[in-house]
Amino acid sequence: MSQVTVTLNGKPRTVPDGVSLLELLEQLDVQPSRVVVEHNREIRRRDDFDKTQVHAGDELELVYFVGGGAGDDALVVGGRSLRSRLIHGTGKFASNEVLARCLMAAQPDMITVAIRRLNLEGGRSELEGIDLRRYTLLPNTAGATTAEGAVRLARLARAAGFSDFIKVEVVGDA
């Protein structure tokens, strides 16, 4: 096979003329199941990798998905630097212990917290035993049934000093 020049991920690269996408991925030591291939501006299905040939002047983009950025690539939101891109919920866990174990395993930098009226008859918060100082808090207004109620809860969250962030949720009557 003669060698031809193609554009691979924006850079010129020499490859054998007529090489299949599957063969090219093998040469690059890339698992076909882990990559999406755009060939001459068309997405190629994995089933077609072995039938699709590459020729001079072709343009190829190989992309894959990564989790959470790379290395020290922090996400900055509203001036806050977050190492983890996972925002972890804190509601509906079977127990405080289960929530604590999930947070320990997930290692999020930001967690959501619901804003609720104080239960004057007693009861405990699901967040008891969780060191909230460890996280950036994202209060949510899930208890609101109207836009007015959501704004009210957001104002209460800010007054409580939780954060300047808010996750707006309005659950209307079903």
# chains A, B, ... in the order shown; residues from 1 in each chain; ligands from 1
$ select_by_dssp --residues "region 33-80 of chain A" --states "helix (DSSP H, G or I)" --output "number ranges by chain"
A: 33-34, 46-48
$ residues_around --residues "Arg34 (chain A)" --least-positions-apart "2" --cutoff "7 Å" --atoms "only C-alpha atoms" --output "list of chain:residue names"
A:Gln31, A:Pro32, A:Tyr64
$ closest_residue --among "A:Val35, A:Leu132, A:Ile115, A:Ala160" --to "Ala144 (chain A)" --atoms "only C-alpha atoms"
A:Ile115
$ residues_around --residues "Gln53 (chain A)" --least-positions-apart "2" --cutoff "8 Å" --atoms "only C-alpha atoms" --output "VMD selection string"
chain A and resid 18 to 21 50 to 51 55
$ select_by_dssp --residues "chain A" --states "strand (DSSP E or B)" --output "ChimeraX atom specification"
/A:3-8,11-16,20,36-39,42-44,53,59-63,75-77,80-82,87-88,110-114,136-140,167
$ write_last_selection --atoms "C-alpha atoms" --output "compact mmCIF listing (two decimals), in the first residue's frame"
# COMPACT_ATOMS: atom_id res chain seq x y z
CA GLN A 3 1.26 6.13 1.90
CA VAL A 4 -1.10 9.13 1.78
CA THR A 5 -1.60 12.18 3.95
CA VAL A 6 -4.85 12.66 5.85
CA THR A 7 -5.89 15.14 8.50
CA LEU A 8 -6.29 13.35 11.83
CA LYS A 11 -3.02 17.51 12.12
CA PRO A 12 -1.50 15.97 8.99
CA ARG A 13 -0.69 12.27 9.33
CA THR A 14 0.66 9.69 6.92
CA VAL A 15 -1.33 6.45 6.67
CA PRO A 16 -1.52 3.56 4.18
CA SER A 20 -9.90 0.70 6.94
CA VAL A 36 -16.42 8.00 17.99
CA VAL A 37 -15.10 8.53 14.47
CA GLU A 38 -16.03 11.37 12.15
CA HIS A 39 -14.80 10.68 8.61
CA GLU A 42 -19.87 12.12 8.71
CA ILE A 43 -20.14 10.05 11.88
CA ARG A 44 -19.25 6.44 11.13
CA GLN A 53 -11.48 3.08 3.76
CA GLU A 59 -10.40 14.34 7.34
CA LEU A 60 -10.77 12.27 10.50
CA GLU A 61 -11.76 13.26 14.02
CA LEU A 62 -11.42 10.71 16.80
CA VAL A 63 -13.09 11.63 20.07
CA LEU A 75 -14.04 23.65 37.08
CA VAL A 76 -14.59 27.24 38.21
CA VAL A 77 -18.19 28.29 38.81
CA ARG A 80 -15.42 28.73 43.24
CA SER A 81 -12.96 26.11 42.12
CA LEU A 82 -14.34 22.56 42.03
CA ILE A 87 -22.86 17.47 42.05
CA HIS A 88 -24.23 14.99 44.58
CA MET A 110 -20.64 20.30 45.70
CA ILE A 111 -23.80 18.82 47.23
CA THR A 112 -27.43 19.82 46.94
CA VAL A 113 -29.39 20.60 50.08
CA ALA A 114 -33.13 21.05 50.36
CA THR A 136 -19.86 23.84 48.38
CA LEU A 137 -23.58 23.80 49.09
CA LEU A 138 -26.15 24.06 46.33
CA PRO A 139 -29.49 24.79 48.01
CA ASN A 140 -32.52 23.75 45.99
CA LYS A 167 -30.87 25.10 42.09
$ residues_around --residues "Gly149 (chain A)" --least-positions-apart "6" --cutoff "12 Å" --atoms "only C-alpha atoms" --output "number ranges by chain"
A: 115-116, 140-143, 155-156, 168-172
$ closest_residue --among "A:Phe165, A:Phe93, A:Phe49, A:Phe65" --to "Gly79 (chain A)" --atoms "only C-alpha atoms"
A:Phe165
$ residues_around --residues "Asp164 (chain A)" --least-positions-apart "5" --cutoff "9 Å" --atoms "only C-alpha atoms" --output "PyMOL selection string"
chain A and resi 78+138+157-158
$ atom_distance --atom1 "CA of Ala159 (chain A)" --atom2 "CA of Leu118 (chain A)"
15.2 Å
$ closest_residue --among "A:Leu127, A:Val30, A:Arg133, A:Ala94" --to "Ser163 (chain A)" --atoms "only C-alpha atoms"
A:Arg133
$ closest_residue --among "A:Phe162, A:Asn96, A:Glu23, A:Asp17" --to "Asp48 (chain A)" --atoms "only C-alpha atoms"
A:Glu23
$ closest_residue --among "A:Leu86, A:Leu24, A:Ala56, A:Met1" --to "Tyr135 (chain A)" --atoms "only C-alpha atoms"
A:Leu86
$ atom_distance --atom1 "CA of Gly129 (chain A)" --atom2 "CA of Asp109 (chain A)"
17.1 Å
